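> Just model-v6.cif, nothing more (mmCIF, C-alpha atoms (C1' of nucleotides)):
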data_my_file
#
loop_
_atom_site.label_atom_id
_atom_site.label_comp_id
_atom_site.auth_asym_id
_atom_site.auth_seq_id
_atom_site.Cartn_x
_atom_site.Cartn_y
_atom_site.Cartn_z
CA MET F 1 24.82 46.91 -23.46
CA PRO F 2 21.87 44.68 -22.56
CA ARG F 3 18.44 45.51 -23.70
CA TRP F 4 17.17 45.59 -20.14
CA SER F 5 18.72 46.21 -16.77
CA PRO F 6 19.96 42.81 -15.69
CA ASP F 7 18.80 43.00 -12.09
CA ALA F 8 15.06 42.70 -12.63
CA GLU F 9 14.47 40.39 -9.69
CA LEU F 10 16.40 42.58 -7.29
CA ARG F 11 14.54 45.67 -8.48
CA LEU F 12 11.21 43.92 -8.00
CA ARG F 13 12.08 42.83 -4.49
CA ALA F 14 13.39 46.27 -3.56
CA ALA F 15 10.31 48.02 -4.94
CA ALA F 16 8.04 45.57 -3.14
CA PHE F 17 9.76 46.07 0.22
CA GLU F 18 9.60 49.83 -0.14
CA LEU F 19 5.90 49.80 -0.93
CA PHE F 20 5.11 47.30 1.81
CA GLU F 21 6.85 49.54 4.31
CA GLU F 22 5.00 52.59 3.05
CA ARG F 23 1.47 51.23 2.89
CA GLY F 24 1.36 47.70 4.26
CA PHE F 25 1.36 44.41 2.40
CA ASP F 26 -2.32 43.98 1.64
CA SER F 27 -3.03 47.31 0.00
CA VAL F 28 -0.08 47.17 -2.40
CA THR F 29 -0.88 45.75 -5.84
CA ILE F 30 1.50 43.97 -8.14
CA ALA F 31 0.95 46.67 -10.75
CA GLU F 32 2.34 49.24 -8.33
CA ILE F 33 5.37 47.11 -7.63
CA THR F 34 6.18 46.59 -11.29
CA ASP F 35 5.59 50.27 -12.06
CA ARG F 36 8.21 51.23 -9.53
CA ALA F 37 10.57 48.55 -10.74
CA GLY F 38 10.12 49.61 -14.38
CA LEU F 39 8.57 46.35 -15.54
CA THR F 40 5.15 45.05 -16.47
CA ARG F 41 2.77 43.05 -14.35
CA ARG F 42 3.38 40.03 -16.49
CA SER F 43 7.06 39.98 -15.71
CA PHE F 44 6.43 39.87 -11.99
CA PHE F 45 5.04 36.37 -12.31
CA ARG F 46 8.14 35.26 -14.17
CA TYR F 47 10.12 35.77 -10.95
CA PHE F 48 7.57 35.08 -8.24
CA PRO F 49 4.59 32.75 -8.34
CA ASP F 50 2.56 35.25 -6.32
CA LYS F 51 2.78 38.44 -4.28
CA ARG F 52 3.59 36.73 -0.98
CA GLU F 53 6.56 34.90 -2.36
CA VAL F 54 8.55 38.12 -2.70
CA LEU F 55 9.11 37.87 1.04
CA PHE F 56 10.08 34.20 0.99
CA SER F 57 12.27 33.78 -2.05
CA GLY F 58 15.38 31.86 -1.16
CA SER F 59 13.65 29.85 1.53
CA GLU F 60 13.22 26.94 -0.87
CA LYS F 61 16.87 26.11 -0.31
CA LEU F 62 16.62 25.76 3.44
CA PRO F 63 14.84 22.39 3.66
CA ALA F 64 17.43 20.54 1.59
CA ILE F 65 20.24 22.07 3.62
CA VAL F 66 18.60 21.15 6.90
CA GLU F 67 17.95 17.59 5.82
CA GLU F 68 21.54 17.08 4.74
CA MET F 69 22.94 18.72 7.83
CA LEU F 70 20.87 16.47 10.06
CA ALA F 71 21.39 13.28 8.12
CA ASN F 72 25.15 13.77 8.06
CA PHE F 73 25.61 13.89 11.81
CA PRO F 74 27.38 10.66 12.82
CA ALA F 75 25.10 8.00 14.21
CA GLU F 76 26.88 8.13 17.56
CA ILE F 77 25.49 11.59 18.21
CA ALA F 78 22.15 11.40 19.99
CA ALA F 79 19.15 12.55 17.99
CA ARG F 80 18.45 15.37 20.41
CA ASP F 81 21.97 16.73 19.99
CA ALA F 82 21.80 16.48 16.23
CA ILE F 83 18.53 18.41 16.25
CA PHE F 84 19.86 20.99 18.68
CA ARG F 85 23.02 21.62 16.74
CA THR F 86 21.19 21.84 13.44
CA LEU F 87 18.68 24.33 14.78
CA SER F 88 21.48 26.36 16.34
CA GLU F 89 23.41 26.61 13.15
CA ILE F 90 20.38 27.60 11.09
CA GLY F 91 19.31 30.17 13.66
CA ASN F 92 22.71 31.76 13.97
CA PHE F 93 23.01 31.89 10.22
CA LEU F 94 19.65 33.60 9.72
CA LEU F 95 20.28 36.02 12.56
CA GLN F 96 23.33 37.41 10.80
CA ASP F 97 21.17 40.11 9.27
CA ARG F 98 19.01 40.50 12.31
CA ASN F 99 17.58 43.89 11.38
CA ALA F 100 16.35 42.82 7.97
CA GLN F 101 14.83 39.67 9.43
CA ALA F 102 13.12 41.60 12.20
CA PHE F 103 11.54 43.93 9.67
CA ARG F 104 10.50 41.00 7.56
CA GLN F 105 8.97 39.24 10.53
CA GLN F 106 7.09 42.37 11.53
CA LEU F 107 5.67 42.56 8.02
CA ILE F 108 4.64 38.92 8.08
CA ASP F 109 2.92 39.33 11.43
CA SER F 110 0.90 42.23 10.03
CA SER F 111 -0.85 40.24 7.31
CA SER F 112 -2.91 37.10 7.61
CA GLU F 113 -1.98 36.07 4.08
CA LEU F 114 1.68 36.26 4.97
CA ARG F 115 1.21 34.38 8.22
CA GLU F 116 -0.45 31.60 6.24
CA ARG F 117 2.44 31.44 3.83
CA GLU F 118 4.96 31.41 6.63
CA ARG F 119 3.27 28.38 8.12
CA THR F 120 3.70 26.64 4.78
CA LYS F 121 7.41 27.35 4.91
CA MET F 122 7.56 26.09 8.46
CA ALA F 123 5.81 22.91 7.36
CA ALA F 124 8.47 22.36 4.71
CA PHE F 125 11.09 23.00 7.38
CA ALA F 126 9.44 20.43 9.66
CA THR F 127 9.34 17.89 6.84
CA SER F 128 13.03 18.36 6.17
CA ILE F 129 13.81 17.64 9.82
CA THR F 130 11.59 14.57 9.63
CA ASN F 131 13.42 13.35 6.55
CA GLY F 132 16.80 13.98 8.09
CA LEU F 133 15.88 12.06 11.23
CA PHE F 134 14.46 9.23 9.17
CA ARG F 135 17.72 8.92 7.28
CA ARG F 136 19.53 8.84 10.62
CA GLY F 137 17.54 5.77 11.57
CA ASN F 138 14.52 7.08 13.42
CA SER F 139 11.27 5.37 12.59
CA SER F 140 8.87 7.20 10.31
CA GLU F 141 6.41 7.79 13.16
CA GLU F 142 9.05 9.17 15.52
CA ALA F 143 10.56 11.35 12.83
CA GLN F 144 7.15 12.74 11.97
CA ILE F 145 6.30 14.13 15.38
CA LEU F 146 9.88 15.10 16.21
CA GLY F 147 10.06 17.08 12.99
CA VAL F 148 7.04 19.25 13.61
CA VAL F 149 7.89 19.75 17.27
CA ALA F 150 11.48 20.67 16.50
CA ALA F 151 10.28 23.16 13.92
CA GLU F 152 8.00 24.79 16.48
CA ILE F 153 10.81 24.93 18.99
CA PHE F 154 12.96 26.65 16.41
CA ARG F 155 10.28 29.14 15.53
CA ASN F 156 9.57 29.92 19.15
CA ALA F 157 13.22 30.58 19.82
CA TYR F 158 13.66 32.52 16.61
CA VAL F 159 10.84 35.00 17.06
CA ARG F 160 12.01 35.60 20.62
CA ALA F 161 15.52 36.27 19.38
CA LEU F 162 14.16 38.82 16.91
CA ARG F 163 11.90 40.50 19.45
CA GLU F 164 14.23 40.85 22.39
CA ALA F 165 16.42 43.90 22.58
CA ASP F 166 19.63 42.30 23.77
CA VAL F 167 21.38 39.78 21.57
CA ILE F 168 22.13 36.51 23.32
CA PRO F 169 23.45 33.28 21.76
CA PHE F 170 20.73 31.48 19.86
CA GLU F 171 21.56 28.31 21.79
CA ARG F 172 20.22 29.97 24.93
CA GLN F 173 16.98 30.82 23.16
CA LEU F 174 16.65 27.18 22.16
CA ASP F 175 17.24 26.15 25.75
CA ALA F 176 14.48 28.48 26.87
CA SER F 177 12.07 27.08 24.29
CA LEU F 178 12.95 23.52 25.19
CA ALA F 179 12.67 23.85 28.95
CA PRO F 180 8.85 23.72 29.23
CA LEU F 181 8.81 20.50 27.23
CA ALA F 182 10.31 18.59 30.12
CA LEU F 183 6.64 18.33 31.00
CA PHE F 184 6.17 15.85 28.21
CA GLY F 185 9.38 14.04 28.90
CA SER F 186 8.18 12.74 32.24
CA PHE F 187 4.87 11.86 30.72
CA GLU F 188 3.67 8.38 31.54
CA LYS F 189 0.85 6.55 29.89
CA THR F 190 -2.22 7.79 31.66
CA GLU F 191 -4.66 5.49 33.42
CA ILE F 192 -7.21 8.25 33.83
CA GLU F 193 -10.63 7.46 32.46
CA LEU F 194 -12.67 10.31 31.02
CA ARG F 195 -16.07 11.09 32.56
CA MET I 1 -44.22 29.57 1.79
CA PRO I 2 -40.91 31.42 1.95
CA ARG I 3 -39.59 33.28 -1.00
CA TRP I 4 -36.44 31.15 -1.02
CA SER I 5 -35.55 27.74 0.30
CA PRO I 6 -34.36 28.37 3.83
CA ASP I 7 -31.37 26.04 3.75
CA ALA I 8 -29.11 27.98 1.43
CA GLU I 9 -25.95 27.34 3.45
CA LEU I 10 -26.59 23.61 3.64
CA ARG I 11 -27.28 23.45 -0.08
CA LEU I 12 -24.06 25.30 -0.82
CA ARG I 13 -22.02 23.00 1.36
CA ALA I 14 -23.63 19.89 -0.08
CA ALA I 15 -23.10 21.07 -3.67
CA ALA I 16 -19.50 21.96 -2.90
CA PHE I 17 -18.71 18.57 -1.37
CA GLU I 18 -20.28 16.78 -4.30
CA LEU I 19 -18.27 18.75 -6.83
CA PHE I 20 -15.04 18.43 -4.87
CA GLU I 21 -15.51 14.69 -4.78
CA GLU I 22 -16.23 14.57 -8.51
CA ARG I 23 -13.44 16.78 -9.81
CA GLY I 24 -11.15 17.80 -6.95
CA PHE I 25 -11.04 21.03 -5.00
CA ASP I 26 -8.89 23.20 -7.23
CA SER I 27 -10.72 22.80 -10.51
CA VAL I 28 -14.16 23.52 -9.08
CA THR I 29 -15.25 27.15 -9.38
CA ILE I 30 -17.61 28.99 -7.08
CA ALA I 31 -19.94 29.61 -10.02
CA GLU I 32 -20.33 25.86 -10.45
CA ILE I 33 -21.12 25.41 -6.78
CA THR I 34 -23.77 28.11 -6.78
CA ASP I 35 -25.27 26.82 -10.02
CA ARG I 36 -25.80 23.43 -8.45
CA ALA I 37 -27.14 24.97 -5.27
CA GLY I 38 -29.51 27.23 -7.21
CA LEU I 39 -27.98 30.48 -6.06
CA THR I 40 -25.79 33.22 -7.48
CA ARG I 41 -22.07 33.66 -7.07
CA ARG I 42 -22.64 36.70 -4.91
CA SER I 43 -24.62 34.74 -2.38
CA PHE I 44 -21.81 32.29 -1.83
CA PHE I 45 -19.74 35.03 -0.25
CA ARG I 46 -22.58 35.88 2.10
CA TYR I 47 -22.09 32.49 3.75
CA PHE I 48 -18.39 31.81 3.28
CA PRO I 49 -15.54 34.31 3.07
CA ASP I 50 -13.86 32.17 0.42
CA LYS I 51 -13.95 28.79 -1.30
CA ARG I 52 -11.73 27.02 1.24
CA GLU I 53 -13.90 27.93 4.16
CA VAL I 54 -16.69 25.63 2.98
CA LEU I 55 -14.61 22.80 4.40
CA PHE I 56 -13.87 24.53 7.69
CA SER I 57 -17.12 26.19 8.70
CA GLY I 58 -17.90 25.41 12.31
CA SER I 59 -14.27 25.21 13.30
CA GLU I 60 -14.43 28.77 14.63
CA LYS I 61 -16.18 27.43 17.69
CA LEU I 62 -13.48 24.95 18.66
CA PRO I 63 -10.86 27.38 20.05
CA ALA I 64 -13.21 28.96 22.59
CA ILE I 65 -14.36 25.52 23.73
CA VAL I 66 -10.81 24.26 24.12
CA GLU I 67 -9.71 27.31 26.04
CA GLU I 68 -12.59 27.02 28.50
CA MET I 69 -12.16 23.28 28.89
CA LEU I 70 -8.50 23.71 29.70
CA ALA I 71 -8.87 26.75 31.93
CA ASN I 72 -11.59 25.07 33.97
CA PHE I 73 -9.54 22.08 35.04
CA PRO I 74 -8.83 22.47 38.76
CA ALA I 75 -5.41 23.85 39.56
CA GLU I 76 -4.47 20.64 41.39
CA ILE I 77 -4.46 18.75 38.11
CA ALA I 78 -1.02 18.82 36.52
CA ALA I 79 -0.75 20.81 33.30
CA ARG I 80 0.19 17.72 31.33
CA ASP I 81 -2.92 15.88 32.53
CA ALA I 82 -5.15 18.85 31.73
CA ILE I 83 -3.72 18.99 28.23
CA PHE I 84 -4.01 15.26 27.73
CA ARG I 85 -7.60 15.11 28.86
CA THR I 86 -8.58 18.09 26.78
CA LEU I 87 -7.01 16.68 23.64
CA SER I 88 -8.64 13.31 24.31
CA GLU I 89 -12.08 14.78 24.64
CA ILE I 90 -11.77 16.88 21.49
CA GLY I 91 -10.38 13.98 19.52
CA ASN I 92 -13.04 11.54 20.60
CA PHE I 93 -15.71 14.10 19.83
CA LEU I 94 -14.44 14.78 16.33
CA LEU I 95 -13.96 11.09 15.59
CA GLN I 96 -17.64 10.43 16.12
CA ASP I 97 -18.24 10.88 12.41
CA ARG I 98 -15.00 9.23 11.44
CA ASN I 99 -15.95 8.58 7.82
CA ALA I 100 -16.91 12.15 7.05
CA GLN I 101 -13.75 13.43 8.72
CA ALA I 102 -11.58 10.96 6.83
CA PHE I 103 -13.02 12.09 3.53
CA ARG I 104 -12.57 15.72 4.51
CA GLN I 105 -8.96 15.09 5.51
CA GLN I 106 -8.28 13.31 2.25
CA LEU I 107 -9.65 16.32 0.40
CA ILE I 108 -7.52 18.72 2.42
CA ASP I 109 -4.40 16.68 1.79
CA SER I 110 -5.03 16.83 -1.95
CA SER I 111 -4.84 20.62 -2.24
CA SER I 112 -2.07 22.96 -1.18
CA GLU I 113 -4.56 25.77 -0.65
CA LEU I 114 -6.52 23.61 1.75
CA ARG I 115 -3.41 22.48 3.59
CA GLU I 116 -2.51 26.13 4.10
CA ARG I 117 -5.92 26.88 5.49
CA GLU I 118 -5.81 23.89 7.78
CA ARG I 119 -2.57 25.15 9.27
CA THR I 120 -4.31 28.41 10.04
CA LYS I 121 -6.99 26.52 11.91
CA MET I 122 -4.33 24.55 13.75
CA ALA I 123 -2.67 27.82 14.71
CA ALA I 124 -5.93 29.05 16.22
CA PHE I 125 -6.21 25.74 18.04
CA ALA I 126 -2.67 26.15 19.39
CA THR I 127 -3.44 29.68 20.54
CA SER I 128 -6.51 28.50 22.42
CA ILE I 129 -4.40 25.94 24.28
CA THR I 130 -1.88 28.65 25.05
CA ASN I 131 -4.61 30.91 26.40
CA GLY I 132 -6.11 28.13 28.49
CA LEU I 133 -2.75 27.26 30.01
CA PHE I 134 -2.04 30.92 30.69
CA ARG I 135 -5.30 31.22 32.59
CA ARG I 136 -4.32 28.13 34.57
CA GLY I 137 -1.23 29.94 35.75
CA ASN I 138 1.48 29.01 33.27
CA SER I 139 3.75 31.82 32.24
CA SER I 140 3.17 33.36 28.84
CA GLU I 141 6.42 31.91 27.51
CA GLU I 142 5.67 28.40 28.72
CA ALA I 143 2.09 28.53 27.49
CA GLN I 144 3.28 29.68 24.08
CA ILE I 145 5.50 26.72 23.30
CA LEU I 146 3.29 24.21 25.08
CA GLY I 147 0.32 25.37 23.01
CA VAL I 148 1.93 24.86 19.62
CA VAL I 149 3.52 21.56 20.62
CA ALA I 150 0.28 20.22 22.09
CA ALA I 151 -1.53 21.17 18.91
CA GLU I 152 1.01 19.26 16.83
CA ILE I 153 0.70 16.25 19.11
CA PHE I 154 -3.04 16.36 18.63
CA ARG I 155 -2.79 16.63 14.89
CA ASN I 156 -0.27 13.82 14.70
CA ALA I 157 -2.53 11.53 16.72
CA TYR I 158 -5.64 12.64 14.84
CA VAL I 159 -4.42 11.98 11.32
CA ARG I 160 -3.14 8.59 12.44
CA ALA I 161 -6.52 7.79 13.92
CA LEU I 162 -8.17 8.67 10.62
CA ARG I 163 -5.69 6.74 8.53
CA GLU I 164 -5.48 3.50 10.45
CA ALA I 165 -7.98 0.81 9.64
CA ASP I 166 -8.73 -0.40 13.16
CA VAL I 167 -10.33 1.97 15.62
CA ILE I 168 -8.47 2.22 18.91
CA PRO I 169 -9.11 4.69 21.75
CA PHE I 170 -7.83 8.14 20.88
CA GLU I 171 -5.94 8.22 24.18
CA ARG I 172 -3.66 5.48 22.82
CA GLN I 173 -2.98 7.54 19.71
CA LEU I 174 -2.01 10.46 21.93
CA ASP I 175 0.31 8.17 23.89
CA ALA I 176 1.97 7.11 20.66
CA SER I 177 2.46 10.71 19.56
CA LEU I 178 3.81 11.72 22.93
CA ALA I 179 6.28 8.90 23.38
CA PRO I 180 9.04 10.20 21.08
CA LEU I 181 9.02 13.50 22.96
CA ALA I 182 10.63 11.88 25.98
CA LEU I 183 13.73 12.79 24.02
CA PHE I 184 13.22 16.42 24.94
CA GLY I 185 12.29 15.65 28.51
CA SER I 186 15.75 14.42 29.36
CA PHE I 187 17.25 17.33 27.53
CA GLU I 188 19.91 19.18 29.49
CA LYS I 189 21.39 22.52 28.64
CA THR I 190 24.08 21.73 26.18
CA GLU I 191 27.71 22.68 26.70
CA ILE I 192 28.63 21.87 23.14
CA GLU I 193 30.25 24.68 21.27
CA LEU I 194 29.63 24.90 17.56
CA ARG I 195 32.67 24.94 15.28
"C1'" DT G 1 -56.06 46.13 7.03
"C1'" DA G 2 -52.62 49.17 5.72
"C1'" DA G 3 -48.13 51.17 6.17
"C1'" DT G 4 -43.48 50.26 7.29
"C1'" DC G 5 -39.45 47.74 8.31
"C1'" DT G 6 -36.46 43.79 7.61
"C1'" DT G 7 -34.20 40.14 5.38
"C1'" DA G 8 -32.37 37.24 1.89
"C1'" DC G 9 -31.41 37.31 -2.31
"C1'" DG G 10 -30.36 38.86 -7.53
"C1'" DA G 11 -28.09 42.08 -10.73
"C1'" DC G 12 -24.38 44.70 -12.01
"C1'" DA G 13 -19.92 46.68 -11.88
"C1'" DC G 14 -15.20 46.57 -10.71
"C1'" DA G 15 -10.40 45.79 -9.13
"C1'" DC G 16 -7.15 42.55 -9.02
"C1'" DA G 17 -4.68 37.91 -9.28
"C1'" DA G 18 -2.93 34.58 -12.10
"C1'" DT G 19 -1.98 32.27 -16.45
"C1'" DG G 20 -1.49 31.27 -21.50
"C1'" DC G 21 0.01 32.73 -25.92
"C1'" DC G 22 2.41 35.33 -29.19
"C1'" DA G 23 5.41 39.21 -30.77
"C1'" DT G 24 9.76 41.58 -30.32
"C1'" DC G 25 14.32 42.54 -30.16
"C1'" DA G 26 19.09 42.47 -28.33
"C1'" DA G 27 23.09 39.39 -27.64
"C1'" DG G 28 25.87 35.73 -28.82
"C1'" DG G 29 27.24 31.88 -31.45
"C1'" DT G 30 27.98 29.55 -36.19
"C1'" DA C 1 24.75 37.17 -42.72
"C1'" DC C 2 21.95 33.81 -40.42
"C1'" DC C 3 20.04 31.47 -36.64
"C1'" DT C 4 19.17 30.67 -31.84
"C1'" DT C 5 18.28 31.99 -27.21
"C1'" DG C 6 16.31 34.57 -23.58
"C1'" DA C 7 14.14 38.25 -21.34
"C1'" DT C 8 10.52 41.17 -21.85
"C1'" DG C 9 6.02 43.54 -23.48
"C1'" DG C 10 1.31 43.12 -25.02
"C1'" DC C 11 -3.02 41.07 -25.08
"C1'" DA C 12 -6.69 38.12 -23.75
"C1'" DT C 13 -8.99 35.26 -20.49
"C1'" DT C 14 -10.64 33.10 -16.35
"C1'" DG C 15 -11.65 33.29 -11.63
"C1'" DT C 16 -11.76 35.57 -6.90
"C1'" DG C 17 -13.47 38.76 -3.93
"C1'" DT C 18 -16.10 43.11 -2.83
"C1'" DG C 19 -19.19 47.23 -3.07
"C1'" DT C 20 -23.58 48.92 -4.20
"C1'" DC C 21 -28.27 48.95 -5.25
"C1'" DG C 22 -32.74 47.08 -6.25
"C1'" DT C 23 -36.59 43.91 -5.08
"C1'" DA C 24 -40.08 41.32 -3.11
"C1'" DA C 25 -41.66 38.24 0.62
"C1'" DG C 26 -42.36 37.96 5.36
"C1'" DA C 27 -42.62 40.15 9.91
"C1'" DT C 28 -43.86 44.10 12.73
"C1'" DT C 29 -46.48 47.75 14.12
"C1'" DA C 30 -50.06 51.06 13.92
#
Now, as a test, write the supplied structure out as structure tokens.


Amino acid sequence: MPRWSPDAELRLRAAAFELFEERGFDSVTIAEITDRAGLTRRSFFRYFPDKREVLFSGSEKLPAIVEEMLANFPAEIAARDAIFRTLSEIGNFLLQDRNAQAFRQQLIDSSSELRERERTKMAAFATSITNGLFRRGNSSEEAQILGVVAAEIFRNAYVRALREADVIPFERQLDASLAPLALFGSFEKTEIELR
Amino acid sequence: MPRWSPDAELRLRAAAFELFEERGFDSVTIAEITDRAGLTRRSFFRYFPDKREVLFSGSEKLPAIVEEMLANFPAEIAARDAIFRTLSEIGNFLLQDRNAQAFRQQLIDSSSELRERERTKMAAFATSITNGLFRRGNSSEEAQILGVVAAEIFRNAYVRALREADVIPFERQLDASLAPLALFGSFEKTEIELR
DNA sequence: TAATCTTACGACACACAATGCCATCAAGGT
DNA sequence: ACCTTGATGGCATTGTGTGTCGTAAGATTA
């Protein structure tokens, strides 16, 4: 018989989600979370670096996965296809527990602190795409801009998938997010002078 | 003779920049800033909502300007040209004090807290582009993705402009950032099935 | 000129986040 | 039986951010 219940992290996360649902993210203190979980405030910080991270734990793994996935596509596959397939796979995987993710996203949207943190996670996601593309042979400059843009495309498609009532394949959401960017595809160096 | 020096905000900003340069952003406390500025800790929060905002004050005005600029382009001008010209003008304006901006960017890059805050500002920038495009007649969905992507294009061009030794027209930096996106322009709905 | 309002600040208190350090005590190995 | 390990509690400390109130100089009005 262990001295303590062995599922401390799970209990903390569960207590946090309950309280966030009851009273919103901002007004819940860490002391309240640990009280409900039967731990002390100090222990909270042994599992999560701060309050926001309760909602993002596990997301550290994503970047490495994305980078590998992308880098391992054979060189014959066009970069755009490699990106598209990678984003599809990640999206479909995350959307497996659509309800939980929708609730989580709703919570994030309700707090400016959480929106800030989510952007940090998206930046790491973008960097992983950049690194993957670089390993595939893209130049550093190309990979840089393609990474951040691909990440925004993913996010745009993902939030739409969570918001819309009817479930359609994530690939179609990506198509919808990509379509307006044809605008930049036909972009030619401008000769327009300002003023 | 006024009871207090009338330039409290300037003094705070100056003291903060000095200290950040001396010892880095994270290790400087607000008490140290206010000591050097000859004020109390409480007064700091009357001018800035938090420590990070010292480096971003003034940036609240940008979104409204961008939205108006974009919305006021005549409807005959293609959306891509309106975006390009707007980003050019903003970039050239900001690059007027290139040295100060380069130092500021270097500071931001050195602190995760500051990078988070900068992403928030970029998000507001993206939203203003979205709003401007929406007022020009783009659909909400189009404007959404075009806004975030345009903002990333701007940022990509802007940091390159600050980093590179030789000063070239900002329009050329935008061209360089845009070029890799031709990849998405030729994108066709994929028929590839996963797995 | 005198009374009153306003404004920019100081002074104080407080809740909370985050971190370091040490004590404790069960479990498991030697 | 002893030692080690690991998860936790307990305590102290620093720093952020906010609410509240007092104060005195300058501006306004009578």

> Residues of chain C within 12 Å of chain I, counting all atoms listed in the file, what are they? List them as a list in words.

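For chain C, the answer reads DT14, DG15, DT16, DG17, DT18, DG19, DT23, DA24, DA25, DG26 and DA27 of chain C.
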
> What does the distance from atom CA of Arg117 of chain F to atom CA of Leu181 of chain I come to in Å, to one decimal?

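Between these atoms lies a distance of 27.0 Å.
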
> Do a neighbour search on Val66 of chain I at 12 Å with all atoms listed in the file, toss out local chain neighbours closer than 5 positions, and write the hits as a list of chain:residue names.

I:Ser59, I:Glu60, I:Lys61, I:Ala71, I:Asn72, I:Phe73, I:Ala82, I:Ile83, I:Phe84, I:Arg85, I:Thr86, I:Leu87, I:Ser88, I:Glu89, I:Ile90, I:Gly91, I:Ala124, I:Phe125, I:Ala126, I:Thr127, I:Ser128, I:Ile129, I:Thr130, I:Asn131, I:Gly132, I:Leu133, I:Gly147, I:Ala150, I:Ala151

> Nearest to Leu94 of chain F: which of F:Phe154, F:Ser110, F:Ala75, F:Val149 is it, counting only C-alpha atoms?

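Looking at the shortest contact to Leu94 of chain F, the residue is F:Phe154.
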
> Sorted by chain and rising residue number, which residues of chain G lie within 12 Å of chain F, and what are their closest atom pairs and distances in Å to one decimal, counting all atoms listed in the file, as a tab-separated table?


residue	atom	partner	partner_atom	distance
G:DA15	C1'	F:Thr29	CA	10.1
G:DC16	C1'	F:Thr29	CA	7.7
G:DA17	C1'	F:Asp50	CA	8.3
G:DA18	C1'	F:Asp50	CA	8.0
G:DT19	C1'	F:Phe45	CA	9.1
G:DG20	C1'	F:Arg42	CA	11.2
G:DT24	C1'	F:Arg3	CA	11.6
G:DC25	C1'	F:Arg3	CA	8.2
G:DA26	C1'	F:Arg3	CA	5.6
G:DA27	C1'	F:Pro2	CA	7.4
G:DG28	C1'	F:Pro2	CA	11.6

> With all atoms listed in the file considered, list every residue of chain F at most 7 Å from chain I, as a PyMOL selection string.

chain F and resi 80+116+119-120+142+145-146+148-149+152+156+175+177+180-186+189

> Expressed in Å to a single decimal, how great is the separation between atom CA of Glu22 of chain I and atom CA of Phe44 of chain I?

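Between atom CA of Glu22 of chain I and atom CA of Phe44 of chain I the gap is 19.7 Å.
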
> Specify as number ranges by chain each residue included when the PyMOL selection byres ((chain G and resi 6) around 10) is applied to this file.

G: 4-5, 7-8; C: 26-28
